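Asker: Please read through the structure below; I'll follow up with questions.
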Amino acid sequence: MARKDINLTTKKLYLLVVVMFGFGFALVPIYNVFCEVTGLNGKTGEIAVEKAEVLAVDIERYVTVEFDTNVNQATLPWSFAAKKFKIRVHPGEVSDAVFVVKNKSNRSIKGQAIPSVAPAQASLFFNKTECFCFTQQTLAPYEEREMLVRFVVDTKLPKKIETMTLSYTFFLSTDENKITSL
Amino acid sequence: MSEAAVHDDHHDHKPTGIGRWLFSTNHKDIGTMYLLFSLLMFFVGGAMAIVIRAELFQPGLQFVNPQFFNSMTTMHALVMIFGAVMPAGVGLANWMIPVMIGAPDMALPRMNNMSFWILPFGFTLLLSTFFMDGGAPAGGWTMYPPLVLQTGNAFPFLIFTVHILGISSIMGAINIIATVFNMRAPGMTFMRLPLFVWTWIITAFLLIAALPVFAGAVTMLLTDQYFGTSFFDAAGGGDPVMFQHLFWFFGHPEVYILILPAFGIVSQIIPTFSRKRLFGYTSMVYATVAIAFLSFFVWAHHMFTVGMPLAGELFFMYATMTIAIPTGVKIFNWVATMWRGSMTFETPMLFSIAFIVLFSVGGFSGVMMSITPVDFQYHDTYFIVAHFHYVLVTGAVFALFAAAYYWLPKWTGHMYDEGLGKLHFWTSAVFVNILFFPQHFLGLAGMPRRIPDYAVQFADWNMVSSLGGFAFGLSQLIFVVVVFKCIRGGDKVTDQVWEGARGLEWTLSSPPPFHSFTVPPKVTEESAHG
């Protein structure tokens with residue numbers, strides 16, 4: 001029996017193990033890209049301001065956008081609410097929604113809002129030009145702040161969708177989370 | 001090779017004392033250690049199952065607190081899957097593959113030693129978590145975040161155990177493939193391999209492809225918990241559902257890793273006791289390959305309820321149903337092998353026939369669950385528990401018993417006690433159905449899995465199931481008696497042992513010499529597979 005053949009087979013198999021281990025990690029970005037392309041998981045789109053302003057507005061049509069707000073209460077002592085719970089917009093029209101966030105504690109805290117759109121089918125057609133959820137937000141003790149999201153609903157939104165919900169959950173920023181739990 | 005040739009004229013020169021086992025590079029000794037280790041783990045996991053069934057004997061909390069109960073279900077699964085069924089399969093592969101293909105030993109004997117000896121360390125790590133702050137892992141063997149991240153000090157131990165057991169299995173798999181690809185005796189072409197060897201090649205490839213992904217996924221859990229990453233943490237932009245996708249990308253091939261060697265075992269035993277050749281050998285090989293290939297495209301049927309789009313649910317539903325086709329091919333081939341054979345019903349044959357019948361029961365409930373809309377009712381109920389215990393206990397474990405009875409005379413040179421063997425079979429076959437069949441009813445009536453207490457409407461069938469469980473557990477002690485009686489002595493057996501047995505392993509003496517096939521045998525079509 002050729003020892004060489006055995007070594008060659010073994011090396012190929014080791015390589016396969018390494019490749020599959022890498023593949024497991026590669027699945028993470030693949031999964032995210034897949035969700036973005038298909039709009040699964042309520043991942044919303046982003047659009048540049050200049051582009052959004054020149055979009056044709058479909059004035060024939062109205063879409064109701066509802067706002068849902070949550071705070072991860074276990075970790076974050078904040079209150080968070082939308083000023084208006086729902087608005088009616090035309091597809092293609094750039095609109096604003098304002099949220100009020102308050103830090104109820106006596107220390108400065110960093111938080112991060114995670115958006116999600118329902119129904120998932122609609123999330124592909126919901127684009128934001130500006131959002132407080134793009135970056136982490138730091139609130140001073142007892143500070144109250146208004147936060148803005150500017151969005152546009154794509155005119156290609158399927159006709160059967162008349163209402164969509166934009167939901168935000170504020171979490172304690174992860175790096176802060178790790179520090180306090182250590 | 002030159003060294004092996006020198007050893008040729010004194011076959012039975014074996015090392016003595018504890019060193020024989022600690023430093024062993026002999027495939028037979030390592031196979032024996034694997035098998036005994038898995039027997040031990042079978043009883044460790046079984047003891048946990050007894051705790052579960054005792055707690056569920058009546059509604060209300062009787063013996064253990066809910067946290068410990070959840071540890072029991074979690075650890076029972078981990079110990080049985082990674083400690084009992086997988087090592088038993090690898091042990092059989094170690095013992096039988098070289099003697100079935102006419103090789104003197106495994107291709108990588110030192111790695112073989114290591115892949116066994118890291119197992120006890122892995123399980124010491126896992127079982128030590130019972131004595132830690134926060135208790136043993138209790139979030140389920142599937143380790144879904146964020147629940148699993150609430151495990152106490154046991155969490156990193158759980159992850160490292162998975163790494164260690166994964167490394168062990170991957171080394172075993174590499175060894176098996178390297179052996180079969182390079183060390184077959186002259187004339188032993190791929191299409192002349194015994195089916196047990198074929199199923200193990202395919203299982204080994206599944207292990208190599210699936211386990212690294214699992215190792216990666218649990219590593220991400222570890223870094224999420226301790227190093228500030230957010231793979232599965234929604235707060236940092238991650239997604240807990242992604243873990244489920246990664247887990248089941250491994251998890252579904254894993255269930256075939258557990259069952260394919262069982263298919264191989266049954267394919268050896270049925271022809272022997274039917275005194276016929278295996279019906280449809282070629283279709284058996286291709287069916288096994290098809291099952292393995294399809295197993296990578298069905299994972300999301302474990303998570304129909306996470307909120308997938310309709311197209312996804314339909315894809316995974318149809319893909320899952322396709323697996324029933326190659327599986328059906330195998331079942332019909334076994335039945336056709338028995339058709340008009342001169343059958344006798346020794347213990348291995350009884351276990352194999354029970355395997356075919358009861359595995360099919362589990363297969364049918366699997367087809368039911370593959371139908372997405374009805375799976376919404378079955379999901380996370382005792383119906384699932386009933387299903388996977390039918391395919392794993394009356395499937396994989398029954399096949400392993402069959403294998404042990406079939407090859408024990410070859411391994412030891414002694415015939416086992418046929419009366420006790422039959423007693424073990426009949427008690428097991430009766431009580432396992434009393435144990436698991438009522439769980440179908442409980443699941444359909446809506447009893448969730450992984451709970452220590454339940455609504456009173458489920459009381460009667462739970463009591464029946466528990467009684468079956470206790471009796472099934474006790475019946476397994478008979479097996480231990482049979483094994484040790486057989487090792488210590490018994491009627492001498494011939495080389496062929498069974499009248500209808502075919503294949504290279506039956507040309508060796510019983511027990512085979514410590515070093516066998518140092519001169520490769522010649523294989524012809526006539527003497528090939530059973």
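Just remember, in the structure tokens the first chain shown is A, the second B, etc., residues are 1-based per chain, and ligands are 1-based in the order shown.
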Pull the alpha helix (DSSP H) assignments for region 25-179 of chain A out of DSSP run on the backbone, and list those residues as a ChimeraX atom specification.
Answerer: /A:25-38,49-53,120-123,174-179
Asker: Could you please tell me, as a tab-separated table (two decimals) with N, CA, C and O atoms, in the first residue's frame, which residues of chain B have an atom within 6 Å of chain A when using only C-alpha atoms?
Answerer:
chain	number	residue	atom	x	y	z
B	178	ALA	N	-9.66	7.48	4.27
B	178	ALA	CA	-8.30	7.16	3.84
B	178	ALA	C	-8.09	5.65	3.76
B	178	ALA	O	-7.41	5.15	2.86
B	208	ILE	N	-17.47	15.07	7.65
B	208	ILE	CA	-16.46	16.05	7.29
B	208	ILE	C	-17.11	17.33	6.76
B	208	ILE	O	-16.61	18.43	6.98
B	209	ALA	N	-18.25	17.19	6.09
B	209	ALA	CA	-18.89	18.38	5.52
B	209	ALA	C	-19.73	19.14	6.54
B	209	ALA	O	-19.82	20.36	6.50
B	212	PRO	N	-17.73	20.68	10.69
B	212	PRO	CA	-17.02	21.96	10.77
B	212	PRO	C	-17.97	23.16	10.80
B	212	PRO	O	-17.70	24.16	11.46
B	213	VAL	N	-19.09	23.06	10.09
B	213	VAL	CA	-20.06	24.16	10.10
B	213	VAL	C	-20.64	24.33	11.51
B	213	VAL	O	-20.79	25.44	12.02
B	216	GLY	N	-18.14	25.90	13.71
B	216	GLY	CA	-18.14	27.33	13.46
B	216	GLY	C	-19.29	28.03	14.16
B	216	GLY	O	-19.11	29.07	14.80
B	235	ALA	N	-29.37	43.14	19.06
B	235	ALA	CA	-28.94	44.47	19.47
B	235	ALA	C	-27.77	44.95	18.64
B	235	ALA	O	-27.62	46.14	18.39
B	236	GLY	N	-26.93	44.06	18.19
B	236	GLY	CA	-25.76	44.45	17.41
B	236	GLY	C	-25.97	44.23	15.93
B	236	GLY	O	-25.01	44.20	15.16
Asker: Would you kindly return, as a count of residues only, each protein, DNA or RNA residue with an atom no farther than 10 Å from any atom of region 169-173 of chain B, considering only C-alpha atoms and excluding same-chain residues fewer than 5 positions away?
Answerer: 36
Asker: If you run DSSP on this backbone, which residues of region 26-165 of chain A come out as strand (DSSP E or B), and could you give them as a ChimeraX atom specification?
Answerer: /A:45-46,63-71,78-82,86-89,94-103,109-118,126-131,137-139,144-153,163-165
Asker: Could you give me, as a PDB file with N, CA, C and O atoms, in the first residue's frame, the residues within 7 Å of region 483-499 of chain B, counting only C-alpha atoms and dropping anything in the same chain fewer than 3 positions from it?
Answerer:
ATOM      1  N   PRO B 409     -19.883 -13.170  18.210  1.00  0.00           N
ATOM      2  CA  PRO B 409     -19.182 -14.452  18.104  1.00  0.00           C
ATOM      3  C   PRO B 409     -17.872 -14.327  17.333  1.00  0.00           C
ATOM      4  O   PRO B 409     -16.884 -14.980  17.674  1.00  0.00           O
ATOM      5  N   THR B 412     -15.322 -12.484  19.788  1.00  0.00           N
ATOM      6  CA  THR B 412     -14.887 -13.179  20.997  1.00  0.00           C
ATOM      7  C   THR B 412     -14.528 -14.630  20.734  1.00  0.00           C
ATOM      8  O   THR B 412     -13.827 -15.247  21.532  1.00  0.00           O
ATOM      9  N   GLY B 413     -15.059 -15.197  19.651  1.00  0.00           N
ATOM     10  CA  GLY B 413     -14.851 -16.627  19.409  1.00  0.00           C
ATOM     11  C   GLY B 413     -15.869 -17.483  20.135  1.00  0.00           C
ATOM     12  O   GLY B 413     -15.836 -18.711  20.042  1.00  0.00           O
ATOM     13  N   HIS B 414     -16.766 -16.837  20.884  1.00  0.00           N
ATOM     14  CA  HIS B 414     -17.793 -17.582  21.632  1.00  0.00           C
ATOM     15  C   HIS B 414     -19.182 -17.209  21.132  1.00  0.00           C
ATOM     16  O   HIS B 414     -19.427 -16.065  20.780  1.00  0.00           O
ATOM     17  N   MET B 415     -20.104 -18.211  21.150  1.00  0.00           N
ATOM     18  CA  MET B 415     -21.494 -17.894  20.836  1.00  0.00           C
ATOM     19  C   MET B 415     -22.114 -17.238  22.070  1.00  0.00           C
ATOM     20  O   MET B 415     -21.875 -17.664  23.198  1.00  0.00           O
ATOM     21  N   TYR B 416     -22.885 -16.149  21.843  1.00  0.00           N
ATOM     22  CA  TYR B 416     -23.593 -15.515  22.959  1.00  0.00           C
ATOM     23  C   TYR B 416     -24.757 -16.406  23.375  1.00  0.00           C
ATOM     24  O   TYR B 416     -25.114 -17.347  22.668  1.00  0.00           O
ATOM     25  N   PHE B 479     -28.772  -7.069  28.038  1.00  0.00           N
ATOM     26  CA  PHE B 479     -27.750  -6.946  26.998  1.00  0.00           C
ATOM     27  C   PHE B 479     -26.349  -6.956  27.614  1.00  0.00           C
ATOM     28  O   PHE B 479     -25.443  -7.634  27.123  1.00  0.00           O
ATOM     29  N   VAL B 480     -26.202  -6.213  28.717  1.00  0.00           N
ATOM     30  CA  VAL B 480     -24.897  -6.171  29.384  1.00  0.00           C
ATOM     31  C   VAL B 480     -24.494  -7.575  29.829  1.00  0.00           C
ATOM     32  O   VAL B 480     -23.341  -8.005  29.646  1.00  0.00           O
ATOM     33  N   TRP B 506     -15.576 -13.270   7.547  1.00  0.00           N
ATOM     34  CA  TRP B 506     -15.922 -14.623   7.969  1.00  0.00           C
ATOM     35  C   TRP B 506     -14.895 -15.647   7.501  1.00  0.00           C
ATOM     36  O   TRP B 506     -15.025 -16.827   7.758  1.00  0.00           O
ATOM     37  N   THR B 507     -13.866 -15.186   6.747  1.00  0.00           N
ATOM     38  CA  THR B 507     -12.790 -16.108   6.363  1.00  0.00           C
ATOM     39  C   THR B 507     -11.698 -16.134   7.423  1.00  0.00           C
ATOM     40  O   THR B 507     -10.837 -17.001   7.412  1.00  0.00           O
ATOM     41  N   LEU B 508     -11.730 -15.165   8.343  1.00  0.00           N
ATOM     42  CA  LEU B 508     -10.749 -15.129   9.427  1.00  0.00           C
ATOM     43  C   LEU B 508     -11.192 -16.062  10.547  1.00  0.00           C
ATOM     44  O   LEU B 508     -12.365 -16.419  10.642  1.00  0.00           O
ATOM     45  N   SER B 509     -10.230 -16.427  11.420  1.00  0.00           N
ATOM     46  CA  SER B 509     -10.604 -17.268  12.559  1.00  0.00           C
ATOM     47  C   SER B 509     -11.478 -16.464  13.515  1.00  0.00           C
ATOM     48  O   SER B 509     -11.527 -15.240  13.463  1.00  0.00           O
ATOM     49  N   SER B 510     -12.200 -17.157  14.411  1.00  0.00           N
ATOM     50  CA  SER B 510     -13.000 -16.478  15.434  1.00  0.00           C
ATOM     51  C   SER B 510     -12.407 -16.802  16.801  1.00  0.00           C
ATOM     52  O   SER B 510     -12.443 -17.961  17.179  1.00  0.00           O
TER      53      SER B 510
END
Asker: Tell me which protein, DNA and RNA residues are within 9 Å of Ile265 (chain B), counting only C-alpha atoms, leaving out same-chain ones fewer than 3 positions away, and put them as number ranges by chain.
Answerer: B: 195-196, 199, 260-262, 268-270, 352, 399-400, 402-403
Asker: Write out as a VMD selection string which residues come within 12 Å of His76 (chain B) when counting only C-alpha atoms, dropping same-chain ones fewer than 3 positions away.
Answerer: chain B and resid 41 to 53 68 to 73 79 to 84 126 to 127 136 to 138 140 to 141 450
Asker: Taking only C-alpha atoms into account, which of A:Phe80, A:Phe34, A:Tyr62, A:Phe99 comes nearest Lys159 (chain A)?
Answerer: A:Tyr62
Asker: Do a neighbour search on Met343 (chain B) at 10 Å with only C-alpha atoms, toss out local chain neighbours closer than 2 positions, and write the hits as a VMD selection string.
Answerer: chain B and resid 270 to 276 338 to 341 345 to 346 349 500
Asker: So which one's closest to Pro104 (chain B), B:Val64, B:Val180, B:Leu147, B:Leu78? Using only C-alpha atoms, please.
Answerer: B:Val180
